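*Asks:* You'll find protein.txt just under this line, and it carries compact mmCIF, C-alpha atoms and all ligand atoms.
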# COMPACT_ATOMS: atom_id res chain seq x y z
CA MET A 1 -3.53 -7.37 5.93
CA LEU A 2 -2.15 -10.86 6.16
CA ARG A 3 0.19 -11.32 9.09
CA GLU A 4 1.63 -14.33 10.93
CA ILE A 5 1.74 -13.49 14.64
CA ASP A 6 2.30 -15.37 17.89
CA LEU A 7 -0.76 -14.26 19.85
CA SER A 8 0.63 -15.35 23.20
CA LYS A 9 3.51 -12.88 22.86
CA VAL A 10 1.61 -9.81 21.71
CA THR A 11 -1.92 -10.13 23.14
CA ASP A 12 -3.72 -11.16 26.31
CA ASN A 13 -4.80 -14.31 24.44
CA ARG A 14 -8.39 -13.13 24.20
CA LEU A 15 -10.63 -12.45 21.23
CA TYR A 16 -13.15 -9.62 21.64
CA LYS A 17 -16.42 -8.62 19.99
CA GLY A 18 -17.80 -5.09 19.81
CA ASN A 19 -19.88 -5.51 22.99
CA ASP A 20 -17.03 -6.90 25.09
CA GLU A 21 -15.03 -4.84 27.55
CA VAL A 22 -11.30 -4.48 27.06
CA ILE A 23 -8.62 -2.90 29.24
CA VAL A 24 -7.47 0.32 27.54
CA PRO A 25 -6.63 3.93 28.61
CA CYS A 26 -9.99 4.67 30.25
CA ASP A 27 -9.30 8.42 30.51
CA SER A 28 -9.41 8.71 26.68
CA CYS A 29 -5.60 8.98 26.59
CA ALA A 30 -5.62 12.20 28.67
CA GLY A 31 -3.20 14.32 26.66
CA CYS A 32 -0.97 11.45 25.56
CA SER A 33 -0.06 11.27 21.87
CA GLU A 34 2.81 8.81 22.10
CA CYS A 35 1.49 6.41 19.45
CA CYS A 36 0.85 9.29 17.00
CA ARG A 37 4.50 10.31 17.35
CA THR A 38 5.85 6.83 16.65
CA VAL A 39 3.43 5.43 14.04
CA GLY A 40 5.89 5.36 11.14
CA ASP A 41 4.06 4.42 7.95
CA THR A 42 1.76 1.91 9.67
CA ILE A 43 -1.55 3.77 9.37
CA ILE A 44 -2.79 2.12 6.19
CA LEU A 45 -5.97 3.80 5.01
CA ASP A 46 -9.09 2.05 3.77
CA PRO A 47 -11.63 3.72 1.45
CA LEU A 48 -13.78 4.92 4.39
CA ASP A 49 -10.70 6.62 5.87
CA ILE A 50 -10.15 8.44 2.57
CA TYR A 51 -13.85 9.47 2.45
CA ASN A 52 -13.51 10.83 6.02
CA LEU A 53 -10.16 12.50 5.35
CA ASN A 54 -11.67 14.14 2.30
CA ILE A 55 -14.40 15.61 4.53
CA ALA A 56 -11.95 16.58 7.30
CA THR A 57 -9.41 18.32 5.03
CA GLY A 58 -11.65 19.43 2.15
CA ARG A 59 -8.99 18.03 -0.17
CA SER A 60 -9.22 15.40 -2.91
CA PHE A 61 -7.13 12.20 -2.95
CA ALA A 62 -4.68 13.82 -5.40
CA GLU A 63 -4.42 16.96 -3.24
CA MET A 64 -3.93 14.93 -0.06
CA MET A 65 -1.02 13.14 -1.78
CA GLU A 66 0.83 16.47 -1.49
CA ARG A 67 0.95 16.51 2.31
CA GLU A 68 -1.43 14.22 4.21
CA ILE A 69 -1.03 10.79 2.62
CA GLU A 70 1.43 8.74 0.58
CA ILE A 71 1.23 5.40 -1.21
CA ARG A 72 3.39 2.29 -0.94
CA LEU A 73 3.35 -1.40 -1.77
CA VAL A 74 1.71 -3.53 0.94
CA ASP A 75 1.58 -7.29 0.30
CA GLY A 76 1.77 -6.66 -3.45
CA LEU A 77 -0.95 -3.96 -3.55
CA VAL A 78 -0.46 -0.19 -3.77
CA LEU A 79 -2.24 1.34 -0.76
CA PRO A 80 -2.24 4.76 0.92
CA ASN A 81 -1.00 5.46 4.43
CA ILE A 82 -0.86 8.60 6.55
CA MET A 83 2.20 10.66 5.64
CA ILE A 84 4.88 10.86 8.28
CA ASP A 85 6.81 14.00 9.18
CA GLU A 86 10.35 13.30 8.01
CA GLY A 87 11.88 15.31 10.84
CA SER A 88 9.98 13.95 13.83
CA GLY A 89 8.86 10.61 12.43
CA GLY A 90 5.38 11.38 13.81
CA CYS A 91 2.04 11.78 12.05
CA THR A 92 1.70 14.95 9.97
CA LEU A 93 -1.86 15.38 11.27
CA LEU A 94 -0.72 15.93 14.85
CA ASP A 95 -0.67 19.61 15.88
CA GLU A 96 1.97 21.39 17.94
CA ASN A 97 -0.04 20.72 21.13
CA GLY A 98 -0.02 16.98 20.51
CA ARG A 99 -3.67 16.83 19.43
CA CYS A 100 -5.02 15.10 16.33
CA THR A 101 -6.31 17.75 13.90
CA ILE A 102 -8.86 15.31 12.43
CA HIS A 103 -9.81 13.55 15.67
CA LYS A 104 -13.54 13.15 14.95
CA LEU A 105 -12.78 11.68 11.53
CA ARG A 106 -9.53 9.87 12.34
CA PRO A 107 -8.70 6.65 10.48
CA GLY A 108 -9.87 3.23 11.60
CA PHE A 109 -6.37 2.07 12.63
CA CYS A 110 -6.05 5.12 14.91
CA ARG A 111 -9.41 4.33 16.50
CA LEU A 112 -8.37 0.74 17.10
CA PHE A 113 -4.97 1.25 18.70
CA PRO A 114 -3.86 -0.53 20.91
CA LEU A 115 -6.45 -3.01 19.66
CA GLY A 116 -6.05 -4.85 16.38
CA ARG A 117 -8.11 -7.22 14.25
CA LEU A 118 -7.54 -10.92 13.77
CA TYR A 119 -9.27 -12.56 10.79
CA ASP A 120 -10.25 -16.21 10.48
CA GLU A 121 -10.19 -18.27 7.27
CA ASN A 122 -13.78 -17.21 6.48
CA GLY A 123 -12.90 -13.52 6.54
CA ASP A 124 -14.67 -12.89 9.86
CA PHE A 125 -12.67 -11.08 12.52
CA ARG A 126 -12.36 -10.49 16.25
CA TYR A 127 -10.60 -7.69 18.06
CA ILE A 128 -7.35 -8.35 19.89
CA LEU A 129 -5.56 -6.30 22.55
CA GLN A 130 -1.89 -5.68 21.72
CA VAL A 131 -0.50 -5.68 25.24
CA ASN A 132 2.98 -4.31 24.42
CA GLU A 133 1.81 -1.25 22.50
CA CYS A 134 0.57 1.30 25.04
CA ASP A 135 2.26 2.10 28.38
CA HIS A 136 -0.39 4.55 29.59
CA PRO A 137 -0.60 4.25 33.40
CA VAL A 138 -4.38 4.72 33.72
CA LYS A 139 -6.24 1.80 32.23
CA GLY A 140 -9.62 0.25 32.86
CA PRO A 141 -12.50 -1.61 31.22
CA VAL A 142 -14.07 0.07 28.18
CA ARG A 143 -16.54 -1.49 25.76
CA VAL A 144 -14.82 -2.09 22.41
CA SER A 145 -17.60 -0.24 20.55
CA ASP A 146 -17.11 2.81 22.82
CA TRP A 147 -13.34 2.72 22.30
CA LEU A 148 -13.81 2.73 18.52
CA GLY A 149 -16.45 5.47 18.68
CA ILE A 150 -17.93 4.48 15.33
CA THR A 151 -21.62 4.95 14.60
CA GLU A 152 -23.45 2.02 12.98
CA LEU A 153 -20.78 -0.46 14.07
CA ASP A 154 -22.56 -3.38 12.34
CA ARG A 155 -22.36 -1.65 8.97
CA TYR A 156 -18.78 -0.64 9.60
CA GLU A 157 -17.74 -4.17 10.53
CA GLY A 158 -19.52 -5.48 7.42
CA PHE A 159 -17.54 -3.04 5.30
CA ILE A 160 -14.26 -4.02 7.02
CA LYS A 161 -14.89 -7.69 6.17
CA GLU A 162 -15.77 -6.87 2.57
CA TRP A 163 -12.66 -4.71 2.19
CA HIS A 164 -10.49 -7.44 3.70
CA ALA A 165 -11.96 -9.89 1.16
CA VAL A 166 -11.22 -7.48 -1.71
CA LEU A 167 -7.57 -7.08 -0.71
CA LYS A 168 -7.14 -10.80 -0.02
CA GLY A 169 -8.74 -11.70 -3.36
CA LEU A 170 -6.56 -9.29 -5.34
CA THR A 171 -3.40 -10.48 -3.55
CA GLU A 172 -4.25 -14.11 -4.28
CA LYS A 173 -4.99 -13.36 -7.94
CA ALA A 174 -1.63 -11.55 -8.25
CA ASP A 175 0.16 -14.49 -6.60
CA GLN A 176 -1.45 -16.95 -9.02
CA THR A 177 -0.13 -15.32 -12.20
CA ASP A 178 3.38 -14.99 -13.64
CA ASP A 179 2.18 -12.27 -16.01
CA GLU A 180 3.88 -9.09 -14.73
CA LYS A 181 1.42 -6.89 -16.60
CA ILE A 182 -1.55 -8.48 -14.82
CA LYS A 183 0.26 -8.33 -11.48
CA LYS A 184 0.85 -4.60 -11.97
CA HIS A 185 -2.76 -4.06 -13.07
CA LEU A 186 -4.04 -5.86 -9.97
CA SER A 187 -1.68 -3.98 -7.65
CA TRP A 188 -3.07 -0.60 -8.78
CA LEU A 189 -6.76 -1.58 -8.83
CA PRO A 190 -7.50 -0.50 -5.23
CA ILE A 191 -6.16 2.99 -5.96
CA ARG A 192 -7.86 3.28 -9.36
CA VAL A 193 -11.29 2.02 -8.21
CA PHE A 194 -11.62 2.82 -4.50
CA TYR A 195 -9.33 5.76 -3.68
CA GLU A 196 -8.65 8.05 -6.62
CA PRO A 197 -12.21 8.78 -7.86
CA SER A 198 -13.83 11.31 -5.53
CA TYR A 199 -16.61 10.25 -3.20
CA ASP A 200 -19.76 12.29 -2.80
CA LYS A 201 -19.17 13.71 0.69
CA LYS A 202 -22.91 14.35 1.19
CA ALA A 203 -23.93 10.79 0.31
CA ASP A 204 -23.68 7.67 2.46
CA PHE A 205 -20.25 6.05 2.15
CA TYR A 206 -21.33 2.42 2.19
CA GLY A 207 -23.60 2.70 -0.86
CA GLN A 208 -20.77 4.29 -2.83
CA PHE A 209 -18.40 1.55 -1.69
CA HIS A 210 -20.80 -1.12 -2.94
CA ASP A 211 -21.10 0.63 -6.31
CA ARG A 212 -17.31 0.48 -6.59
CA LEU A 213 -17.30 -3.19 -5.67
CA LYS A 214 -19.52 -3.77 -8.70
CA VAL A 215 -17.13 -1.74 -10.87
CA LEU A 216 -14.20 -3.80 -9.59
CA ASN A 217 -15.90 -7.13 -10.26
CA SER A 218 -17.11 -6.21 -13.74
CA GLY A 219 -13.60 -4.92 -14.58
CA LEU A 220 -12.03 -8.17 -13.38
CA LYS A 221 -14.57 -10.16 -15.39
CA SER A 222 -14.05 -8.22 -18.59
CA ALA A 223 -10.27 -8.58 -18.20
CA GLY A 224 -10.74 -12.36 -17.84
CA ILE A 225 -9.20 -12.33 -14.34
CA ILE A 226 -12.26 -13.85 -12.64
S1 LIG A 301 -3.38 4.68 22.89
FE1 LIG A 301 -1.83 4.74 24.49
S2 LIG A 301 0.04 5.54 23.49
FE2 LIG A 301 -1.72 6.03 22.15
S3 LIG A 301 -2.37 8.11 22.74
FE3 LIG A 301 -3.61 6.65 23.92
S4 LIG A 301 -2.51 6.42 25.86
FE4 LIG A 301 -1.05 7.30 24.39
S1 LIG A 302 -4.39 10.68 12.24
FE1 LIG A 302 -4.64 11.55 14.26
S2 LIG A 302 -4.94 9.79 15.65
FE2 LIG A 302 -4.07 9.02 13.72
S3 LIG A 302 -1.84 8.95 14.03
FE3 LIG A 302 -2.34 10.93 13.10
S4 LIG A 302 -2.61 12.37 14.81
FE4 LIG A 302 -2.73 10.27 15.63
Mind converting the file's structure to structure tokens?

*Replies:*
Amino acid sequence: MLREIDLSKVTDNRLYKGNDEVIVPCDSCAGCSECCRTVGDTIILDPLDIYNLNIATGRSFAEMMEREIEIRLVDGLVLPNIMIDEGSGGCTLLDENGRCTIHKLRPGFCRLFPLGRLYDENGDFRYILQVNECDHPVKGPVRVSDWLGITELDRYEGFIKEWHAVLKGLTEKADQTDDEKIKKHLSWLPIRVFYEPSYDKKADFYGQFHDRLKVLNSGLKSAGII
């Protein structure tokens, strides 16, 4: 999402690509789950995360709203995030041994941490290392692509840019109108188009995402918004 940050205070002042090496916990976190216990409501989920969570839990978006995810307003748009345990403040998907119960299909933000993404004005992005976010004592160089552990990284990064453009476009459209009804309509569009309708778990995600992009654009056109 759109954030104003002072890079010199929170990063090592470097921008990384997928093939670059970055200094992160090189022992794959070795039993640590500190960031999962302190995430708060920061793990905002994109449509691929919901597709993966649907596979991991076997539950639909509506069913996951009962215990795995919740929705809230983020920069004027209603978006889902991982539900937090009210008692501990940690992620509800962490088990009693401190392990992630959906590790192989964990959300993109979880894969990134302590990295982040920084977008330029064209919607392209580079990875950044948030130097104040992880105190793990054993760190070393790891290729960004290995840290993320995502297959077909090119396709994934293409999707991330497209999704960023969708959210940015909807936010800008909402900012440009004083019509509260249109603002509300725009704020719920991500949920209505990209999250609520079930994905075919056996079919490729990216093709289904592109079909929904078409649905979004034709809906915006027929409503006279674009
Ligand atoms: S990223 Fe850092 S804080 Fe999070 S689990 Fe790994 S070592 Fe722990
Ligand atoms: S989904 Fe898994 S990796 Fe992400 S915060 Fe929860 S327990 Fe940690």

*Asks:* With distances taken over only C-alpha atoms, which of A:Tyr127, A:Trp147, A:Tyr51, A:Tyr206 is nearest to Asp27 of chain A?

*Replies:*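 Using only C-alpha atoms, the shortest distance to Asp27 of chain A belongs to A:Trp147.
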
*Asks:* Per residue of chain A within 7 Å of ligand LIG 301 (chain A), which atom pair is closest and at what distance in Å (one decimal), using only C-alpha atoms and all ligand atoms, listed by chain and increasing number, as a Markdown table?

*Replies:*
| residue | atom | partner | partner_atom | distance |
| --- | --- | --- | --- | --- |
| A:Pro25 | CA | A:LIG301 | S4 | 5.5 |
| A:Ser28 | CA | A:LIG301 | FE3 | 6.7 |
| A:Cys29 | CA | A:LIG301 | FE3 | 4.1 |
| A:Cys32 | CA | A:LIG301 | FE4 | 4.3 |
| A:Ser33 | CA | A:LIG301 | S3 | 4.0 |
| A:Glu34 | CA | A:LIG301 | S2 | 4.5 |
| A:Cys35 | CA | A:LIG301 | FE2 | 4.2 |
| A:Cys36 | CA | A:LIG301 | FE2 | 6.6 |
| A:Phe113 | CA | A:LIG301 | S1 | 5.6 |
| A:Pro114 | CA | A:LIG301 | S1 | 5.6 |
| A:Cys134 | CA | A:LIG301 | FE1 | 4.2 |
| A:Asp135 | CA | A:LIG301 | FE1 | 6.2 |
| A:His136 | CA | A:LIG301 | S4 | 4.7 |

*Asks:* Enumerate residues in contact with ligand LIG 302 (chain A): an atom-to-atom distance of at most 12 Å, counting only C-alpha atoms and all ligand atoms. Format the result as a CSV table (one decimal) with C-alpha atoms, keeping the file's coordinate frame.

*Replies:*
chain,number,residue,atom,x,y,z
A,28,SER,CA,-9.4,8.7,26.7
A,29,CYS,CA,-5.6,9.0,26.6
A,31,GLY,CA,-3.2,14.3,26.7
A,32,CYS,CA,-1.0,11.4,25.6
A,33,SER,CA,-0.1,11.3,21.9
A,34,GLU,CA,2.8,8.8,22.1
A,35,CYS,CA,1.5,6.4,19.4
A,36,CYS,CA,0.8,9.3,17.0
A,37,ARG,CA,4.5,10.3,17.4
A,38,THR,CA,5.8,6.8,16.6
A,39,VAL,CA,3.4,5.4,14.0
A,40,GLY,CA,5.9,5.4,11.1
A,41,ASP,CA,4.1,4.4,8.0
A,42,THR,CA,1.8,1.9,9.7
A,43,ILE,CA,-1.6,3.8,9.4
A,44,ILE,CA,-2.8,2.1,6.2
A,45,LEU,CA,-6.0,3.8,5.0
A,49,ASP,CA,-10.7,6.6,5.9
A,50,ILE,CA,-10.2,8.4,2.6
A,52,ASN,CA,-13.5,10.8,6.0
A,53,LEU,CA,-10.2,12.5,5.4
A,56,ALA,CA,-12.0,16.6,7.3
A,57,THR,CA,-9.4,18.3,5.0
A,68,GLU,CA,-1.4,14.2,4.2
A,69,ILE,CA,-1.0,10.8,2.6
A,81,ASN,CA,-1.0,5.5,4.4
A,82,ILE,CA,-0.9,8.6,6.6
A,83,MET,CA,2.2,10.7,5.6
A,84,ILE,CA,4.9,10.9,8.3
A,85,ASP,CA,6.8,14.0,9.2
A,89,GLY,CA,8.9,10.6,12.4
A,90,GLY,CA,5.4,11.4,13.8
A,91,CYS,CA,2.0,11.8,12.0
A,92,THR,CA,1.7,15.0,10.0
A,93,LEU,CA,-1.9,15.4,11.3
A,94,LEU,CA,-0.7,15.9,14.8
A,95,ASP,CA,-0.7,19.6,15.9
A,96,GLU,CA,2.0,21.4,17.9
A,97,ASN,CA,0.0,20.7,21.1
A,98,GLY,CA,0.0,17.0,20.5
A,99,ARG,CA,-3.7,16.8,19.4
A,100,CYS,CA,-5.0,15.1,16.3
A,101,THR,CA,-6.3,17.8,13.9
A,102,ILE,CA,-8.9,15.3,12.4
A,103,HIS,CA,-9.8,13.6,15.7
A,104,LYS,CA,-13.5,13.2,15.0
A,105,LEU,CA,-12.8,11.7,11.5
A,106,ARG,CA,-9.5,9.9,12.3
A,107,PRO,CA,-8.7,6.6,10.5
A,108,GLY,CA,-9.9,3.2,11.6
A,109,PHE,CA,-6.4,2.1,12.6
A,110,CYS,CA,-6.0,5.1,14.9
A,111,ARG,CA,-9.4,4.3,16.5
A,112,LEU,CA,-8.4,0.7,17.1
A,113,PHE,CA,-5.0,1.2,18.7
A,114,PRO,CA,-3.9,-0.5,20.9
A,148,LEU,CA,-13.8,2.7,18.5

*Asks:* How many Å lie between atom CA of Ile226 of chain A and atom CA of Lys173 of chain A, rounded to one decimal?

*Replies:* 8.7 Å

*Asks:* What is the distance, in Å and to one decimal place, between atom CA of Met64 of chain A and atom CA of Leu170 of chain A?

*Replies:* 24.9 Å

*Asks:* For atom CA of Ile71 of chain A and atom CA of Phe159 of chain A, quote the distance in Å rounded to one decimal.

*Replies:* 21.6 Å
